[in-house]
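start-v6.cif follows; it contains mmCIF, C-alpha atoms.
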data_final
loop_
_atom_site.label_atom_id
_atom_site.label_comp_id
_atom_site.auth_asym_id
_atom_site.auth_seq_id
_atom_site.Cartn_x
_atom_site.Cartn_y
_atom_site.Cartn_z
CA MET A 1 12.31 -106.36 -101.64
CA LYS A 2 12.51 -102.80 -102.96
CA ARG A 3 10.79 -101.48 -99.83
CA LEU A 4 13.19 -103.45 -97.60
CA ALA A 5 16.17 -102.04 -99.45
CA ALA A 6 14.76 -98.51 -99.11
CA SER A 7 14.28 -99.00 -95.36
CA ALA A 8 17.82 -100.32 -95.02
CA LEU A 9 19.19 -97.30 -96.88
CA ALA A 10 17.16 -94.99 -94.64
CA LEU A 11 18.64 -96.72 -91.60
CA LEU A 12 22.10 -96.25 -93.04
CA ALA A 13 21.47 -92.56 -93.67
CA ALA A 14 20.01 -91.89 -90.22
CA PRO A 15 23.27 -91.30 -88.33
CA LEU A 16 24.37 -88.82 -90.98
CA ALA A 17 21.29 -86.67 -90.67
CA ALA A 18 20.95 -84.14 -87.86
CA GLN A 19 18.80 -85.74 -85.22
CA ASP A 20 16.83 -83.92 -82.56
CA PHE A 21 17.90 -84.79 -79.02
CA SER A 22 16.35 -81.73 -77.40
CA GLU A 23 13.34 -83.49 -75.86
CA GLY A 24 13.57 -83.39 -72.06
CA SER A 25 16.73 -81.30 -72.07
CA GLU A 26 17.07 -78.63 -69.39
CA ALA A 27 20.29 -77.23 -70.81
CA ARG A 28 20.87 -73.52 -70.24
CA THR A 29 21.57 -71.44 -73.28
CA TRP A 30 25.03 -69.97 -73.80
CA ASN A 31 23.69 -67.92 -76.69
CA LEU A 32 26.02 -69.65 -79.11
CA TYR A 33 25.01 -69.24 -82.72
CA ALA A 34 24.62 -72.94 -83.52
CA GLU A 35 23.77 -74.40 -80.11
CA VAL A 36 20.95 -76.90 -79.69
CA PRO A 37 19.93 -78.45 -76.35
CA ALA A 38 20.77 -82.14 -76.37
CA LEU A 39 19.93 -84.83 -73.82
CA PHE A 40 21.05 -88.33 -74.70
CA ASP A 41 22.38 -91.66 -73.46
CA ALA A 42 25.96 -92.49 -74.27
CA LYS A 43 29.03 -94.43 -73.27
CA VAL A 44 31.99 -92.36 -72.06
CA VAL A 45 34.97 -93.35 -74.20
CA ASP A 46 38.63 -92.49 -74.76
CA VAL A 47 38.49 -91.03 -78.29
CA MET A 48 41.97 -92.22 -79.28
CA CYS A 49 41.12 -95.73 -78.07
CA GLU A 50 37.88 -95.66 -80.01
CA LEU A 51 39.69 -94.71 -83.21
CA THR A 52 42.87 -96.76 -82.96
CA GLY A 53 42.29 -99.63 -80.54
CA ASN A 54 45.14 -98.29 -78.34
CA CYS A 55 43.37 -98.32 -74.98
CA PRO A 56 45.17 -97.58 -71.70
CA ALA A 57 43.43 -98.18 -68.37
CA ASN A 58 40.81 -95.72 -67.17
CA CYS A 59 40.59 -93.84 -70.48
CA GLY A 60 44.15 -92.58 -70.04
CA ASP A 61 43.62 -91.23 -66.50
CA GLY A 62 42.79 -87.72 -67.67
CA GLU A 63 45.53 -87.49 -70.26
CA ARG A 64 43.30 -88.27 -73.22
CA GLN A 65 40.32 -86.57 -74.79
CA LEU A 66 36.99 -88.16 -73.94
CA GLY A 67 34.00 -88.64 -76.17
CA LEU A 68 30.40 -89.72 -75.85
CA LEU A 69 29.41 -92.70 -77.96
CA ARG A 70 25.73 -91.93 -78.41
CA SER A 71 23.53 -94.96 -77.86
CA ALA A 72 20.81 -93.97 -80.32
CA ASP A 73 23.00 -93.88 -83.41
CA ASN A 74 26.58 -94.83 -82.43
CA VAL A 75 27.78 -91.31 -83.29
CA LEU A 76 31.01 -90.30 -81.52
CA VAL A 77 30.36 -86.90 -79.96
CA MET A 78 33.37 -84.80 -78.92
CA ALA A 79 33.00 -83.68 -75.30
CA THR A 80 34.75 -80.37 -75.77
CA LYS A 81 33.58 -78.11 -72.94
CA ASN A 82 32.23 -78.43 -69.42
CA ASN A 83 29.60 -76.25 -67.75
CA GLN A 84 31.88 -73.61 -66.26
CA PRO A 85 32.28 -70.24 -67.98
CA ALA A 86 35.98 -70.36 -67.14
CA PHE A 87 37.83 -71.76 -70.19
CA THR A 88 37.50 -75.31 -68.90
CA GLY A 89 37.36 -78.65 -70.67
CA ALA A 90 35.14 -81.64 -69.94
CA VAL A 91 37.69 -84.40 -69.29
CA VAL A 92 37.74 -83.90 -65.51
CA ASP A 93 33.95 -84.15 -65.33
CA LEU A 94 33.60 -87.24 -67.52
CA LEU A 95 36.63 -89.26 -66.38
CA PRO A 96 34.82 -90.78 -63.35
CA TYR A 97 32.39 -92.31 -65.83
CA CYS A 98 35.00 -93.87 -68.15
CA GLY A 99 33.49 -96.87 -69.91
CA GLN A 100 30.10 -96.35 -68.29
CA GLN A 101 26.72 -95.74 -69.81
CA VAL A 102 25.55 -92.26 -68.81
CA THR A 103 22.91 -89.71 -69.62
CA VAL A 104 24.22 -86.27 -70.47
CA ASP A 105 22.49 -82.94 -70.90
CA GLY A 106 24.04 -79.94 -72.58
CA LEU A 107 24.46 -78.05 -75.82
CA MET A 108 25.31 -79.59 -79.18
CA ILE A 109 26.95 -77.53 -81.89
CA ASN A 110 26.41 -78.60 -85.46
CA ASP A 111 26.72 -76.41 -88.52
CA GLU A 112 26.85 -78.09 -91.90
CA ASP A 113 28.11 -74.95 -93.61
CA PHE A 114 31.09 -74.26 -91.34
CA PRO A 115 31.38 -77.31 -91.04
CA ILE A 116 31.07 -78.23 -87.35
CA ASN A 117 29.92 -81.67 -86.33
CA ASN A 118 29.05 -83.16 -82.96
CA ILE A 119 30.84 -80.69 -80.68
CA TYR A 120 29.31 -80.82 -77.21
CA LEU A 121 29.21 -78.69 -74.08
CA VAL A 122 28.21 -80.99 -71.23
CA GLN A 123 26.26 -79.32 -68.43
CA ARG A 124 25.25 -82.31 -66.31
CA VAL A 125 25.78 -86.04 -66.27
CA LYS A 126 24.33 -89.05 -64.49
CA ALA A 127 24.85 -92.78 -64.48
CA GLY A 128 21.84 -95.05 -64.01
CA ASP A 129 19.51 -93.96 -61.23
CA ALA A 130 22.05 -91.65 -59.58
CA ASP A 131 21.31 -87.94 -59.24
CA TRP A 132 22.49 -85.53 -61.86
CA ALA A 133 25.99 -84.18 -61.28
CA LYS A 134 26.86 -80.75 -62.60
CA ALA A 135 29.75 -80.83 -65.05
CA SER A 136 31.56 -78.13 -63.10
CA GLN A 137 34.38 -79.97 -61.39
CA PHE A 138 37.41 -78.57 -63.18
CA THR A 139 38.15 -75.66 -60.87
CA LYS A 140 37.78 -77.80 -57.72
CA VAL A 141 40.16 -80.41 -59.08
CA TRP A 142 42.57 -77.71 -60.28
CA ALA A 143 42.59 -76.09 -56.81
CA ALA A 144 43.35 -79.43 -55.17
CA GLU A 145 46.19 -80.05 -57.61
CA ASN A 146 47.62 -76.55 -57.24
CA PRO A 147 47.61 -75.78 -53.51
CA ASP A 148 50.42 -73.25 -53.90
CA ALA A 149 48.47 -71.22 -56.46
CA LYS A 150 46.02 -69.77 -53.95
CA GLY A 151 45.05 -66.17 -54.35
CA LYS A 152 42.58 -63.78 -55.84
CA GLY A 153 41.21 -64.13 -59.33
CA PRO A 154 40.17 -67.06 -61.49
CA TRP A 155 42.28 -70.18 -61.91
CA PHE A 156 43.63 -69.16 -65.29
CA ARG A 157 45.26 -66.05 -63.81
CA ARG A 158 47.05 -68.18 -61.21
CA ASP A 159 47.91 -71.39 -63.04
CA PRO A 160 51.70 -71.92 -62.74
CA ARG A 161 52.13 -73.41 -66.22
CA ILE A 162 50.18 -70.62 -67.90
CA LEU A 163 52.05 -67.96 -65.95
CA ALA A 164 55.38 -69.56 -66.88
CA GLU A 165 54.46 -69.58 -70.57
CA ILE A 166 53.34 -65.94 -70.48
CA GLU A 167 56.52 -65.03 -68.64
CA LYS A 168 58.50 -66.74 -71.39
CA VAL A 169 56.72 -65.50 -74.54
CA GLY A 170 54.30 -62.81 -73.43
CA TYR A 171 50.53 -62.52 -73.73
CA LEU A 172 50.64 -62.34 -77.53
CA GLY A 173 53.20 -65.12 -77.73
CA LEU A 174 55.55 -62.86 -79.69
CA GLY A 175 58.03 -61.97 -76.98
CA LYS A 176 58.16 -59.48 -74.15
CA GLU A 177 59.26 -56.58 -76.35
CA THR A 178 56.23 -56.88 -78.66
CA ASP A 179 54.02 -57.28 -75.60
CA ALA A 180 55.35 -54.09 -73.99
CA ALA A 181 54.63 -52.01 -77.08
CA PHE A 182 51.18 -53.50 -77.48
CA ILE A 183 50.26 -53.02 -73.83
CA GLU A 184 51.26 -49.37 -74.03
CA TYR A 185 48.98 -48.89 -77.03
CA TYR A 186 46.14 -51.04 -75.65
CA PHE A 187 45.82 -49.33 -72.29
CA GLU A 188 46.71 -45.79 -73.35
CA MET B 1 21.43 -108.02 -105.34
CA ARG B 2 23.51 -110.26 -103.09
CA ARG B 3 26.47 -107.95 -103.58
CA PHE B 4 24.28 -104.96 -102.64
CA TRP B 5 23.23 -106.56 -99.35
CA LEU B 6 26.79 -107.62 -98.49
CA GLY B 7 28.01 -104.08 -99.18
CA LEU B 8 25.21 -102.58 -97.13
CA MET B 9 25.89 -104.89 -94.19
CA GLY B 10 29.54 -103.92 -94.37
CA LEU B 11 28.67 -100.23 -94.22
CA LEU B 12 26.28 -100.72 -91.31
CA ALA B 13 28.92 -102.64 -89.37
CA ALA B 14 31.65 -100.07 -90.05
CA PRO B 15 31.11 -97.74 -87.05
CA ALA B 16 31.49 -100.65 -84.66
CA ILE B 17 35.13 -101.24 -85.53
CA ALA B 18 38.17 -98.99 -85.16
CA ALA B 19 38.54 -96.64 -88.10
CA GLU B 20 41.44 -97.06 -90.47
CA GLY B 21 44.05 -94.34 -90.20
CA GLN B 22 45.96 -92.68 -92.99
CA ARG B 23 49.47 -91.26 -92.69
CA ILE B 24 49.51 -87.55 -93.49
CA THR B 25 51.77 -84.53 -93.23
CA VAL B 26 49.91 -81.26 -92.71
CA THR B 27 50.78 -77.67 -91.98
CA GLY B 28 48.56 -75.46 -89.90
CA GLU B 29 48.03 -73.45 -86.74
CA ILE B 30 47.51 -75.03 -83.34
CA ILE B 31 44.17 -73.57 -82.25
CA ASP B 32 41.70 -73.70 -79.39
CA THR B 33 38.79 -75.68 -80.83
CA TRP B 34 36.09 -74.51 -78.43
CA CYS B 35 36.41 -70.82 -79.16
CA TYR B 36 36.87 -71.54 -82.87
CA TYR B 37 33.78 -73.72 -83.20
CA SER B 38 31.42 -72.10 -80.71
CA GLY B 39 31.80 -68.47 -81.72
CA VAL B 40 31.68 -67.65 -78.01
CA MET B 41 34.39 -64.99 -78.39
CA GLY B 42 33.64 -63.81 -81.90
CA GLY B 43 34.23 -64.89 -85.48
CA PRO B 44 36.76 -67.55 -86.42
CA ASP B 45 39.41 -65.11 -87.64
CA SER B 46 39.48 -63.38 -84.25
CA VAL B 47 40.10 -66.52 -82.18
CA VAL B 48 43.31 -67.61 -83.82
CA GLY B 49 46.84 -66.23 -83.89
CA SER B 50 48.45 -63.73 -81.55
CA ALA B 51 45.17 -62.02 -80.58
CA HIS B 52 43.95 -65.23 -79.02
CA HIS B 53 47.23 -66.62 -77.72
CA THR B 54 46.53 -66.09 -74.03
CA CYS B 55 43.03 -67.56 -74.26
CA ALA B 56 44.45 -70.50 -76.21
CA LEU B 57 46.81 -71.13 -73.27
CA TRP B 58 43.90 -71.04 -70.82
CA CYS B 59 41.78 -73.46 -72.84
CA SER B 60 44.64 -75.81 -73.63
CA ALA B 61 45.75 -75.99 -70.00
CA SER B 62 42.26 -77.01 -68.93
CA GLY B 63 42.09 -79.86 -71.41
CA ILE B 64 39.87 -78.33 -74.07
CA PRO B 65 40.84 -80.10 -77.29
CA ILE B 66 43.36 -78.33 -79.47
CA GLY B 67 43.09 -78.40 -83.25
CA LEU B 68 45.34 -78.00 -86.23
CA LEU B 69 43.81 -75.48 -88.65
CA THR B 70 45.18 -75.73 -92.17
CA GLU B 71 45.21 -73.00 -94.77
CA ASP B 72 42.18 -74.47 -96.56
CA GLY B 73 40.10 -74.25 -93.37
CA THR B 74 40.24 -77.92 -92.40
CA VAL B 75 40.46 -78.50 -88.66
CA TYR B 76 42.06 -81.64 -87.29
CA THR B 77 41.36 -82.36 -83.63
CA VAL B 78 44.73 -83.23 -82.14
CA LEU B 79 44.65 -86.32 -79.91
CA LYS B 80 48.40 -86.71 -79.43
CA LEU B 81 51.14 -84.21 -80.03
CA GLY B 82 54.61 -85.57 -80.60
CA PRO B 83 56.44 -87.30 -77.79
CA GLN B 84 53.82 -86.76 -75.11
CA ASP B 85 51.15 -89.43 -75.13
CA ASN B 86 48.32 -87.01 -75.56
CA ALA B 87 47.39 -83.44 -76.29
CA THR B 88 45.06 -82.94 -73.35
CA GLY B 89 46.41 -80.11 -71.26
CA GLY B 90 49.99 -81.18 -71.84
CA ASP B 91 53.11 -79.02 -71.85
CA THR B 92 53.82 -79.44 -75.58
CA ALA B 93 50.34 -78.20 -76.43
CA LEU B 94 50.91 -75.12 -74.26
CA THR B 95 54.27 -74.36 -75.85
CA LEU B 96 52.85 -74.69 -79.36
CA ALA B 97 49.63 -72.72 -78.75
CA SER B 98 48.96 -70.46 -81.77
CA HIS B 99 52.10 -71.70 -83.54
CA THR B 100 52.04 -72.80 -87.15
CA VAL B 101 53.55 -76.24 -87.39
CA THR B 102 54.11 -78.97 -89.91
CA ALA B 103 53.07 -82.25 -88.36
CA ASP B 104 53.36 -85.85 -89.41
CA GLY B 105 50.87 -88.33 -88.06
CA MET B 106 47.86 -90.54 -88.52
CA PHE B 107 44.58 -89.10 -89.77
CA TYR B 108 41.18 -90.47 -88.84
CA GLU B 109 37.68 -89.27 -89.67
CA ARG B 110 34.66 -90.18 -87.62
CA ASP B 111 31.16 -88.71 -87.70
CA GLY B 112 32.22 -85.52 -89.40
CA ILE B 113 35.22 -84.79 -87.16
CA ASN B 114 38.80 -84.98 -88.44
CA TYR B 115 41.37 -86.28 -85.97
CA ILE B 116 45.15 -86.37 -86.09
CA ILE B 117 47.51 -88.32 -83.89
CA VAL B 118 50.73 -86.40 -84.35
CA GLU B 119 53.81 -88.59 -84.21
CA GLU B 120 56.28 -85.81 -84.90
CA VAL B 121 56.25 -82.05 -85.26
CA LEU B 122 58.54 -81.65 -88.25
CA GLU B 123 58.72 -77.86 -88.18
CA ASP B 124 57.64 -75.15 -85.77
CA LYS B 125 57.32 -71.78 -87.49
CA GLY B 126 56.25 -70.00 -84.32
CA ILE B 127 53.32 -67.58 -84.32
CA VAL B 128 52.95 -66.24 -87.84
CA ASN B 129 49.32 -65.13 -87.66
CA LEU B 130 49.59 -61.61 -86.22
CA SER B 131 45.86 -61.31 -85.62
CA HIS B 132 46.35 -58.77 -82.81
CA GLU B 133 47.00 -56.21 -85.54
CA ASP B 134 43.33 -56.55 -86.55
CA TYR B 135 41.61 -57.72 -83.37
CA ASP B 136 43.79 -56.51 -80.48
CA VAL B 137 43.24 -59.29 -77.92
CA VAL B 138 40.34 -61.71 -77.71
CA PRO B 139 38.81 -61.75 -75.17
CA SER B 140 39.47 -58.12 -74.38
CA PHE B 141 40.42 -58.94 -70.77
CA ALA B 142 43.09 -61.46 -71.77
CA ILE B 143 45.78 -58.99 -70.77
CA PRO B 144 45.21 -57.57 -67.30
CA GLU B 145 45.48 -53.80 -67.06
CA PRO B 146 48.87 -52.86 -65.63
CA LYS B 147 48.73 -51.56 -62.07
CA GLU B 148 49.64 -47.89 -61.68
#
structure tokens encoding of this file:
Amino acid sequence: MKRLAASALALLAAPLAAQDFSEGSEARTWNLYAEVPALFDAKVVDVMCELTGNCPANCGDGERQLGLLRSADNVLVMATKNNQPAFTGAVVDLLPYCGQQVTVDGLMINDEDFPINNIYLVQRVKAGDADWAKASQFTKVWAAENPDAKGKGPWFRRDPRILAEIEKVGYLGLGKETDAAFIEYYFE
Amino acid sequence: MRRFWLGLMGLLAAPAIAAEGQRITVTGEIIDTWCYYSGVMGGPDSVVGSAHHTCALWCSASGIPIGLLTEDGTVYTVLKLGPQDNATGGDTALTLASHTVTADGMFYERDGINYIIVEEVLEDKGIVNLSHEDYDVVPSFAIPEPKE
């Protein structure tokens, strides 16, 4: 009975311990201090739905944060970043898989001392026997949604909402006057 | 022993059901969680406040989760921010980027991540962390060089 109880306690402790999901991963390094390659099976979920039971159709249609409910240990991983080095989130890439079982490959960030737990950069995703899809869809979707924002430079230099906010409060967010003085100093 | 097994079974079953929320009021800065957690742009003090405001706009607009960083270093991932249904790339999140706010909402914890569903922003103190005085801007290209 003692041994059975010990095994049960070990099972209980398993999700809390850092597990190694790096086997088979082909994730590219981003040279982040706490990154670890992580390939795992998971269900794509609406995080708010998972926590509260408030569950709109299609995971909120892009208006809610998405998570990865890892099959191996039921840990809810936060899908924070997609594969593009362009300040882009992962919702656009994961939304087509809402409610589905997928395999994801990417970088996990855990640091017990910080602490940081289960923050994930997804690089590629696939459902069932389908081919891997790169998690790099944000800029394509953004371009389709912002046909009037064509031009040179990355999306974040042309995004109408970002430009409007900067126009209103400046790059530092402290007003145009503070911005002007800082820009003079910064580029002198 | 029976009580032990019942308790253990209860704990094992816990992750399968929705977590229980707790009403809280917290004060902290609305931050960009990716840059803060990943260290991709530098240390945590450099990716908050005015120095990081423009980058926080970029990340927020693309749907990267925003967080509420309190004075004691706790980060709450914000899933909803006031009247808008969510905090994923929404206008309220953009307007409040880098601002220190007092927020009332429901707190949840799951697998080491703190979450808050903000029902109401009680106070908006604006940007009070003038980090540009120490770090200029992060990343350094956040402000494009003025054309001659």
At a cut-off of 7 Å, which residues of chain A touch chain B? Count all atoms listed in the file and give the answer as a list of chain:residue names.
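The complete set of qualifying residues is A:Leu12, A:Leu32, A:Tyr33, A:Met48, A:Glu50, A:Leu51, A:Thr52, A:Gly53, A:Glu63, A:Arg64, A:Gln65, A:Val75, A:Leu76, A:Thr80, A:Lys81, A:Phe87, A:Thr88, A:Gly89, A:Val91, A:Ile116, A:Asn117, A:Phe156, A:Ile162, A:Tyr171, A:Leu172, A:Gly173, A:Leu174, A:Phe187.
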Contacts of Lys126 (chain A) at 7 Å (all atoms listed in the file; same-chain gap of 2+ positions) as a PyMOL selection string
chain A and resi 102-104+128+130-133
Would you kindly translate the PyMOL selection byres ((chain A and resi 154) around 12) into the concrete residues it picks from this file, as a CSV table (one decimal) with C-alpha atoms, in the coordinates of the input?
chain,number,residue,atom,x,y,z
A,84,GLN,CA,31.9,-73.6,-66.3
A,85,PRO,CA,32.3,-70.2,-68.0
A,86,ALA,CA,36.0,-70.4,-67.1
A,87,PHE,CA,37.8,-71.8,-70.2
A,88,THR,CA,37.5,-75.3,-68.9
A,138,PHE,CA,37.4,-78.6,-63.2
A,139,THR,CA,38.2,-75.7,-60.9
A,140,LYS,CA,37.8,-77.8,-57.7
A,142,TRP,CA,42.6,-77.7,-60.3
A,143,ALA,CA,42.6,-76.1,-56.8
A,149,ALA,CA,48.5,-71.2,-56.5
A,150,LYS,CA,46.0,-69.8,-54.0
A,151,GLY,CA,45.0,-66.2,-54.4
A,152,LYS,CA,42.6,-63.8,-55.8
A,153,GLY,CA,41.2,-64.1,-59.3
A,155,TRP,CA,42.3,-70.2,-61.9
A,156,PHE,CA,43.6,-69.2,-65.3
A,157,ARG,CA,45.3,-66.0,-63.8
A,158,ARG,CA,47.0,-68.2,-61.2
A,159,ASP,CA,47.9,-71.4,-63.0
B,58,TRP,CA,43.9,-71.0,-70.8
Top pick for closest residue to Ile24 (chain B), considering B:Glu148, B:Lys125, B:Asp104, B:Glu120 and counting only C-alpha atoms:
B:Asp104
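Picture a line from CA of Ala93 (chain B) to CA of Ala144 (chain A); it runs 22.4 Å.
Each of B:Thr92, B:Tyr135, B:Asn129, B:Thr102 was checked against Tyr186 (chain A) using all atoms listed in the file; the smallest atom-to-atom distance is that of B:Tyr135.
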Specify the axis-aligned box that encloses all atoms of region 122-139 of chain A listed in the file after padding of 5 Å on each side, stating its centre and edge lengths in Å to one decimal as lines of an AutoDock Vina configuration file.
center_x = 28.8
center_y = -85.4
center_z = -65.2
size_x = 28.6
size_y = 29.4
size_z = 22.0
Can you list, as JSON, numbers by chain, the residues that the PyMOL selection byres ((chain A and resi 18-28) around 7) selects here?
{"A": [16, 17, 29, 30, 37, 38, 39, 40, 105, 106, 107, 123]}
For Leu122 (chain B), find every residue with an atom within 10 Å (counting all atoms listed in the file), except residues of its own chain fewer than 3 positions away, and show them as a list in words.
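My list of contacting residues is Thr25, Val26, Thr27, Gly82, Val101, Thr102, Ala103, Asp104, Val118, Glu119 and Lys125 of chain B.
If you count all atoms listed in the file and ignore residues fewer than 5 places along the chain from Ala42 (chain A), what sits within 7 Å of it is Leu68, Leu69, Arg70, Ser71, Gln101, Val102 and Thr103 of chain A.
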How would region 130-142 of chain B look with N, CA and C atoms restored, written as a PDB file, keeping the file's coordinate frame?
ATOM      1  N   LEU B 130      49.558 -62.773 -87.122  1.00  0.00           N
ATOM      2  CA  LEU B 130      49.590 -61.610 -86.220  1.00  0.00           C
ATOM      3  C   LEU B 130      48.204 -60.971 -86.123  1.00  0.00           C
ATOM      4  N   SER B 131      47.273 -61.743 -85.638  1.00  0.00           N
ATOM      5  CA  SER B 131      45.860 -61.310 -85.620  1.00  0.00           C
ATOM      6  C   SER B 131      45.619 -60.148 -84.663  1.00  0.00           C
ATOM      7  N   HIS B 132      46.548 -59.909 -83.726  1.00  0.00           N
ATOM      8  CA  HIS B 132      46.350 -58.770 -82.810  1.00  0.00           C
ATOM      9  C   HIS B 132      46.372 -57.445 -83.554  1.00  0.00           C
ATOM     10  N   GLU B 133      46.976 -57.457 -84.748  1.00  0.00           N
ATOM     11  CA  GLU B 133      47.000 -56.210 -85.540  1.00  0.00           C
ATOM     12  C   GLU B 133      45.589 -55.828 -86.001  1.00  0.00           C
ATOM     13  N   ASP B 134      44.718 -56.809 -86.137  1.00  0.00           N
ATOM     14  CA  ASP B 134      43.330 -56.550 -86.550  1.00  0.00           C
ATOM     15  C   ASP B 134      42.340 -56.606 -85.391  1.00  0.00           C
ATOM     16  N   TYR B 135      42.623 -57.460 -84.409  1.00  0.00           N
ATOM     17  CA  TYR B 135      41.610 -57.720 -83.370  1.00  0.00           C
ATOM     18  C   TYR B 135      42.064 -57.347 -81.962  1.00  0.00           C
ATOM     19  N   ASP B 136      43.216 -56.747 -81.811  1.00  0.00           N
ATOM     20  CA  ASP B 136      43.790 -56.510 -80.480  1.00  0.00           C
ATOM     21  C   ASP B 136      43.898 -57.848 -79.748  1.00  0.00           C
ATOM     22  N   VAL B 137      43.226 -57.983 -78.593  1.00  0.00           N
ATOM     23  CA  VAL B 137      43.240 -59.290 -77.920  1.00  0.00           C
ATOM     24  C   VAL B 137      41.813 -59.768 -77.719  1.00  0.00           C
ATOM     25  N   VAL B 138      41.664 -61.070 -77.826  1.00  0.00           N
ATOM     26  CA  VAL B 138      40.340 -61.710 -77.710  1.00  0.00           C
ATOM     27  C   VAL B 138      40.457 -62.868 -76.724  1.00  0.00           C
ATOM     28  N   PRO B 139      39.725 -62.808 -75.595  1.00  0.00           N
ATOM     29  CA  PRO B 139      38.810 -61.750 -75.170  1.00  0.00           C
ATOM     30  C   PRO B 139      39.574 -60.496 -74.750  1.00  0.00           C
ATOM     31  N   SER B 140      38.832 -59.416 -74.622  1.00  0.00           N
ATOM     32  CA  SER B 140      39.470 -58.120 -74.380  1.00  0.00           C
ATOM     33  C   SER B 140      40.177 -58.056 -73.028  1.00  0.00           C
ATOM     34  N   PHE B 141      39.791 -58.947 -72.101  1.00  0.00           N
ATOM     35  CA  PHE B 141      40.420 -58.940 -70.770  1.00  0.00           C
ATOM     36  C   PHE B 141      41.587 -59.918 -70.679  1.00  0.00           C
ATOM     37  N   ALA B 142      42.010 -60.464 -71.815  1.00  0.00           N
ATOM     38  CA  ALA B 142      43.090 -61.460 -71.770  1.00  0.00           C
ATOM     39  C   ALA B 142      44.350 -60.898 -71.132  1.00  0.00           C
TER      40      ALA B 142
END
